[in-house]
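Chemist: Please read through the structure below; I'll follow up with questions.
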There are 4 protein chains.
Amino acid sequence: MIIGEPHTQKPIRWAMVGGGRGSQIGYVHRSAALRDRVFDLVAGAFDIDPERGRAFGVELGLAADRCYSDYRALFASEKARPDGAQAVSIATPNNTHFEIAKAALEHGIHVICEKPLCFTTREAEALQRLAGERRKVVGVTYGYAGHQMIEQARAMVAAGELGEIRLVNMQFAHGFHNEAVEEKSAATKWRVDPKFAGPSYVLGDLGTHPLYIAETIVPALKIKRLLCARQSFIKSRAPLEDNAVTLMEYDSGAFGTAWCSAVNAGAMHSQKVRVVGSKASVEWWDERPNQLLFEVQGEPGRVLERGMPYLHGAALVDDRIGAGHAEGLFEAWANLYYRFAIAMEATDRGDDRRLASLRYPGVAAGVEGVRWVENCVRSADAGGVWVDYR
Amino acid sequence: MIIGEPHTQKPIRWAMVGGGRGSQIGYVHRSAALRDRVFDLVAGAFDIDPERGRAFGVELGLAADRCYSDYRALFASEKARPDGAQAVSIATPNNTHFEIAKAALEHGIHVICEKPLCFTTREAEALQRLAGERRKVVGVTYGYAGHQMIEQARAMVAAGELGEIRLVNMQFAHGFHNEAVEEKSAATKWRVDPKFAGPSYVLGDLGTHPLYIAETIVPALKIKRLLCARQSFIKSRAPLEDNAVTLMEYDSGAFGTAWCSAVNAGAMHSQKVRVVGSKASVEWWDERPNQLLFEVQGEPGRVLERGMPYLHGAALVDDRIGAGHAEGLFEAWANLYYRFAIAMEATDRGDDRRLASLRYPGVAAGVEGVRWVENCVRSADAGGVWVDYR
Amino acid sequence: MIIGEPHTQKPIRWAMVGGGRGSQIGYVHRSAALRDRVFDLVAGAFDIDPERGRAFGVELGLAADRCYSDYRALFASEKARPDGAQAVSIATPNNTHFEIAKAALEHGIHVICEKPLCFTTREAEALQRLAGERRKVVGVTYGYAGHQMIEQARAMVAAGELGEIRLVNMQFAHGFHNEAVEEKSAATKWRVDPKFAGPSYVLGDLGTHPLYIAETIVPALKIKRLLCARQSFIKSRAPLEDNAVTLMEYDSGAFGTAWCSAVNAGAMHSQKVRVVGSKASVEWWDERPNQLLFEVQGEPGRVLERGMPYLHGAALVDDRIGAGHAEGLFEAWANLYYRFAIAMEATDRGDDRRLASLRYPGVAAGVEGVRWVENCVRSADAGGVWVDYR
Amino acid sequence: MIIGEPHTQKPIRWAMVGGGRGSQIGYVHRSAALRDRVFDLVAGAFDIDPERGRAFGVELGLAADRCYSDYRALFASEKARPDGAQAVSIATPNNTHFEIAKAALEHGIHVICEKPLCFTTREAEALQRLAGERRKVVGVTYGYAGHQMIEQARAMVAAGELGEIRLVNMQFAHGFHNEAVEEKSAATKWRVDPKFAGPSYVLGDLGTHPLYIAETIVPALKIKRLLCARQSFIKSRAPLEDNAVTLMEYDSGAFGTAWCSAVNAGAMHSQKVRVVGSKASVEWWDERPNQLLFEVQGEPGRVLERGMPYLHGAALVDDRIGAGHAEGLFEAWANLYYRFAIAMEATDRGDDRRLASLRYPGVAAGVEGVRWVENCVRSADAGGVWVDYR
């Protein structure tokens, strides 16, 4: 149970790029990082407008001279300080992630990055190599994956409670962009512009979330080939899709599907992952994150509840409040952030054993998300054909 | 509201082939046919064992001499009587449907047939032609489609309440055959034997149900091409599949998916149809058939309830009891059967206007089910590739 | 499993009083009685207007001379025939139940009666005595109680799966009469008129249903004293209540509550019974009658499904179709009716053993409903005070 | 939307009494207070063991000399400092709340107190008077009441969307203490000991939560008289109850019920408040706090979702993340805490207008909770009789 006991020796000195005034996601990052005193915010380049960024940072309690005009200045100056930032979170538009993450790593700074890490597998692997060379952590904010019931599902699969895994059904299919809201909303506009969003809209923006959750629950599964059909129901979004269906064959013979949509009218998130084994299934839904449906063939369906003693130990360590109470997305993010901190500390002291015991969305998960989107787009653009996963 | 007022001038004289002692589906047919005095059971060839069949028929109140040893004897003898059977229901294994239905039509007897009507589109179209020539009804027992909330969804789509239809997601994915239960259960054994089951297992046995429901809700949609991946997780079932995913492109640009499974461990039926329009979605689930989820983008989700005055008129005519009470599958079947009776009566008197106003799963729906399975199998057997729908 | 095999040696000759043209409940009675060939409809006094009643009966297939102008004529004539009616169902307004049931019993005719059996415990006990003297069955149509999951709950309690029973929470709280709909609806008008409805509205009309279900699930509980507060939110309904809350102390120390309402705006039925034991609870909801919630303290909540092999045997015998399919209220009524038939047959042949093994709402259940309402009204009219149950 | 913009001019200097190492509720308080920089933790008397308390405070970043051995020392020393604590949160056992709150107010320190504020109405009113005299805030942590959908329900009632309020049904009925867990658990032990818990167990510990929520949603309702029946199913808990049912008559003619239980085996929280009006009902459930069920008679039931633009403005101001995402109890607490801070600031500068616009559980809500429990106990101890509310 997390009730304020320190996770790390001391808080990690932490900076942000992006996430300034008016940014919702910036708030989410800070809430998570500062939740359990694993990070101290010491510097930032919060805004494209340096003045506004500085004012915002000062308001957050930063020294004015550690509120920088851009990430280059931030990394250079902080690097030079004995008390400089040890880690940075990147909360900028997608098209800038690569260069900022790369620069951070080159300065020996740990990275926490919004997904997608970048636009191509090639770039992603470059970051992965760089992180390896510099021995730095790259954490990717697949925020939903911090929920404890994901750990429970993972532990159940590992313990064989589902039998051999046969099917993995993923979906993240909301309806908020059923009309061309981007004509009015700046927040949506960049998401459907390839220049800023990259090669996909819903595949990358939505699909990579349940993809990572599925990978977490069933780490053994490796995609052999996939097929993706994508559509742009709002025509002006083409070539970016607002709906997509992906089929996946895994090495093991298991089969997977992923439905990503922003035009599923009337739905809220509809982010669900269902894993079907030869004996039983589990299903998780991000709108009711404290529950996990567990269905054993031939037995009554069960609803597992966060915080209950019948769960696996791994699903209990992150609880902040007893069963029956609702935890939410902020706790899930905080669960990731404290792992990032532990990973950074362990990395810095070369504690590979600690690292091996720690599950979090690291650079490999970031690479995998980019790779999956790339394969989906390759399939879709070839007419929705099967492509070998590479 | 249906409360015993007659639907037809008089009950139609009705026979059964199959559905004898111990048959659950035979009971369902009789419950539906005899529910509202639209049919009178007058004859039968209930069993492969003539003696047992006769005893069963007599127990049901039939004259012993109208309990026949097989369908040939039944059709020949009944044809010769002035009070002979006017209609027959076929509740035998799949591989016999074609020949029995054909023989019935050739004797000028209306047909009610379990799905699949037959194994090939060619056969199905032959039945369709024959039914046209003889001016006889062929009703197909897509039983779930008799639920009133399906009519409601259809009326909502017709009224434009969903906007332009973009997505149709179908599934019928239970878990009852996650193991090789056919080794012990005769009822399952024939379903996975191509000789009796035809070219598919779950596609035909399960998938055609939500397919017909989707066609009912959105009649305008025509499949342009489709792609099907099928698997046999219980290896001994190959070449028949116990899991399949089908993707469909419609002429209109809409996109569809269908998940059929008998290995979805722990699930009950999981038969759901979700239709997504540009403005709103509807979703129906056969385990809660008295409800329809209606989700308008930007408004609170609504749960529509059977029997409530706010529904379209077409969804209210079949109610047998007020809102709040649970109707079930027997009512849905009875709704189909009384339509079959009305259609038979109208056909016999050449009342095309009445026929045009009557929605029920007729021979075209039966043909479409066979065609869809055939196209799915063709795609799957070619490696899961897109095939033009034909 | 019920699939048409006969429950009785032969169908019982059956008549109806009331339930004529336009009657919904009449249709429900006939659907239940005729479902599985346990009754044959042979006579009726369907309507206060004899001509209309006769026409209706003939339409149902009755001989015109067995369509009577009233119940007196029916009982007298049928009694005189060798093939006369052996049983009668009473589907008339509440205020006539007593005299008709009494007359039927005096003529040696089994009775099936809508609840309430009558208006006073004194009358009810008179019927009970009479039924005993004449050795005739009085079945009471607490229709919901025919659902199989009620049997499951009963079997679980009997097997000790809940531990010692502590709490019983009942409710039947719909919203359909939140306004004075009786000003327009004849069907509602008599329900709020003491002359026709008796001493209560929602307590008798609604509350007796979950009361009987609770008695069925936990037969050992005996009410020691109770307290009832009732309100007439639509003032013109006074002294009849449209909302009531009853508290009950049982002999065993268990505690019960019952909420009855017709003004629970926006609710459908909301008929629920929750039984809480020292180890576990069960909860049943009539809008999802195929499910039973089973919650063991310290374990994940379970949803039990009708038809599944893990249920107690008593919960499986009445299935008409496999698990996953929706059965509804018509099946529940049919389950009661076939028990009534078995009880009548066993009573007539003096088979006490068969009778002892048969659970159905008989005259004692009818008496208990009347008694409970009477005690509630006595408490409420005294200002909502505790009254000893008598 | 709350995304880090300051609520107050500057953070309020804040201390804690209790809530030290190992305390879950202490963590909840700190998470809420420190969430949005409305409070700065400057001092504490965290533990009955001064050394342990000091170590804990230092770990939290406090100066060692501001970690006090008890609340007396804390108040005296902080009072003497120019930068002394302006507010204190009290997270100690129930029996100490009164004396600590009183001392804080006497030192001119704002109070945030766990419920119950104290054990008697007399004491509660004394605190209320004292707070008035010293012009200090007393905030009471009815944490669930911070959820935004409570504000939505309140705004809907105020706007007349439910019509005239008729019924208020409250419940908080978990099952975690179905056995005598207090024999092993210290955390439960004091709750069932009158010396520490006061005159009730579940009425005070649980029932005051939905009571305050109901008061928030329908502020106009005033209890005229009530009746309470309470039971101790675990006998050793007597005279404290582990189950209770309270009936309430309101001045307006509305009727209320409250079910409080710790023996509702298998249930999680089951904290629900349903408010029924003449036109519509709303229902809120603390396990799905982001939703509000809205049922208008004669219309489909609706599920309102946190964060959606169709909500009243008051329900949107506290969002920290967009609709579809799960917020949880920590956000609800933070919503209260930032109101406490605003109230303190406004109180200190005498801004009555700001105060009037601010809804939060203040001293009056604390008094009301104590009063309600007192009345319930008075009724129950007199045998479950109606008592005038006083």
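Residue numbering restarts at 1 in every chain; chains get A, B, ... in the order shown in the structure tokens, and ligands count up from 1 in that same order.
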Please give the complete set of residues from segment 173-340 of chain D that DSSP, run on the backbone, assigns to strand (DSSP E or B), formatted as an MDAnalysis selection string.

Modeler: chainID D and resid 173 223:231 243:250 255:261 271:277 280:285 291:296 301:305

Chemist: Considering only C-alpha atoms, extract the chain B residues located within 7 Å of chain C and return them as a PyMOL selection string.

Modeler: chain B and resi 3-4+24+27+268-269+287+321+324-329

Chemist: Please identify all polymer residues within 9 Å of Asp205 of chain D, counting only C-alpha atoms, omitting same-chain residues fewer than 2 positions from it, and present them as JSON, numbers by chain.

Modeler: {"D": [115, 116, 191, 197, 200, 201, 202, 203, 207, 208, 209, 260]}

Chemist: With N, CA, C and O atoms retained, export the selected residues as a PDB file, in the first residue's frame.

Modeler:
ATOM      1  N   LYS D 115     -15.036  13.232  10.315  1.00  0.00           N
ATOM      2  CA  LYS D 115     -16.325  13.060  10.980  1.00  0.00           C
ATOM      3  C   LYS D 115     -16.230  11.828  11.864  1.00  0.00           C
ATOM      4  O   LYS D 115     -15.420  10.954  11.557  1.00  0.00           O
ATOM      5  N   PRO D 116     -16.962  11.713  12.980  1.00  0.00           N
ATOM      6  CA  PRO D 116     -17.844  12.759  13.490  1.00  0.00           C
ATOM      7  C   PRO D 116     -17.037  13.843  14.189  1.00  0.00           C
ATOM      8  O   PRO D 116     -15.997  13.568  14.778  1.00  0.00           O
ATOM      9  N   ARG D 191     -13.478   1.153  16.373  1.00  0.00           N
ATOM     10  CA  ARG D 191     -14.745   1.583  15.779  1.00  0.00           C
ATOM     11  C   ARG D 191     -15.963   0.973  16.467  1.00  0.00           C
ATOM     12  O   ARG D 191     -17.075   1.461  16.297  1.00  0.00           O
ATOM     13  N   ALA D 197     -15.459   5.271  19.723  1.00  0.00           N
ATOM     14  CA  ALA D 197     -16.275   5.480  18.526  1.00  0.00           C
ATOM     15  C   ALA D 197     -17.456   6.391  18.780  1.00  0.00           C
ATOM     16  O   ALA D 197     -18.024   6.950  17.837  1.00  0.00           O
ATOM     17  N   SER D 200     -22.410   5.342  18.372  1.00  0.00           N
ATOM     18  CA  SER D 200     -22.877   4.473  17.273  1.00  0.00           C
ATOM     19  C   SER D 200     -21.683   3.966  16.491  1.00  0.00           C
ATOM     20  O   SER D 200     -20.587   4.512  16.573  1.00  0.00           O
ATOM     21  N   TYR D 201     -21.936   2.907  15.740  1.00  0.00           N
ATOM     22  CA  TYR D 201     -20.897   2.462  14.816  1.00  0.00           C
ATOM     23  C   TYR D 201     -21.299   2.838  13.384  1.00  0.00           C
ATOM     24  O   TYR D 201     -20.887   3.869  12.867  1.00  0.00           O
ATOM     25  N   VAL D 202     -22.167   2.043  12.756  1.00  0.00           N
ATOM     26  CA  VAL D 202     -22.415   2.290  11.325  1.00  0.00           C
ATOM     27  C   VAL D 202     -23.209   3.557  11.047  1.00  0.00           C
ATOM     28  O   VAL D 202     -23.046   4.172   9.990  1.00  0.00           O
ATOM     29  N   LEU D 203     -24.063   3.956  11.974  1.00  0.00           N
ATOM     30  CA  LEU D 203     -24.808   5.198  11.740  1.00  0.00           C
ATOM     31  C   LEU D 203     -23.846   6.360  11.559  1.00  0.00           C
ATOM     32  O   LEU D 203     -23.974   7.157  10.618  1.00  0.00           O
ATOM     33  N   GLY D 207     -23.312   6.138   7.827  1.00  0.00           N
ATOM     34  CA  GLY D 207     -24.552   6.817   7.451  1.00  0.00           C
ATOM     35  C   GLY D 207     -24.412   8.316   7.254  1.00  0.00           C
ATOM     36  O   GLY D 207     -25.132   8.906   6.444  1.00  0.00           O
ATOM     37  N   THR D 208     -23.500   8.930   7.968  1.00  0.00           N
ATOM     38  CA  THR D 208     -23.388  10.385   7.824  1.00  0.00           C
ATOM     39  C   THR D 208     -22.867  10.788   6.448  1.00  0.00           C
ATOM     40  O   THR D 208     -23.092  11.909   6.013  1.00  0.00           O
ATOM     41  N   HIS D 209     -22.196   9.867   5.762  1.00  0.00           N
ATOM     42  CA  HIS D 209     -21.738  10.190   4.401  1.00  0.00           C
ATOM     43  C   HIS D 209     -22.906  10.402   3.440  1.00  0.00           C
ATOM     44  O   HIS D 209     -23.043  11.475   2.857  1.00  0.00           O
ATOM     45  N   CYS D 260     -27.699   1.579   6.845  1.00  0.00           N
ATOM     46  CA  CYS D 260     -26.266   1.571   7.159  1.00  0.00           C
ATOM     47  C   CYS D 260     -25.911   0.165   7.602  1.00  0.00           C
ATOM     48  O   CYS D 260     -26.591  -0.398   8.458  1.00  0.00           O
TER      49      CYS D 260
END

Chemist: Segment 333-350 of chain C: which residues within 9 Å, counting only C-alpha atoms, same-chain residues fewer than 2 positions away excluded, as a PyMOL selection string?

Modeler: chain C and resi 7-9+11-12+28-29+31-39+86-87+110+112+135-148+318+329-331+352-355+358-362

Chemist: Would you pick out the contacts of Asp381 of chain A at 12 Å or less, using only C-alpha atoms, so that residues sharing its chain but fewer than 3 positions from it are not included, and give the list as a VMD selection string?

Modeler: chain A and resid 199 to 200 227 to 231 238 to 241 244 373 to 378 384 to 387
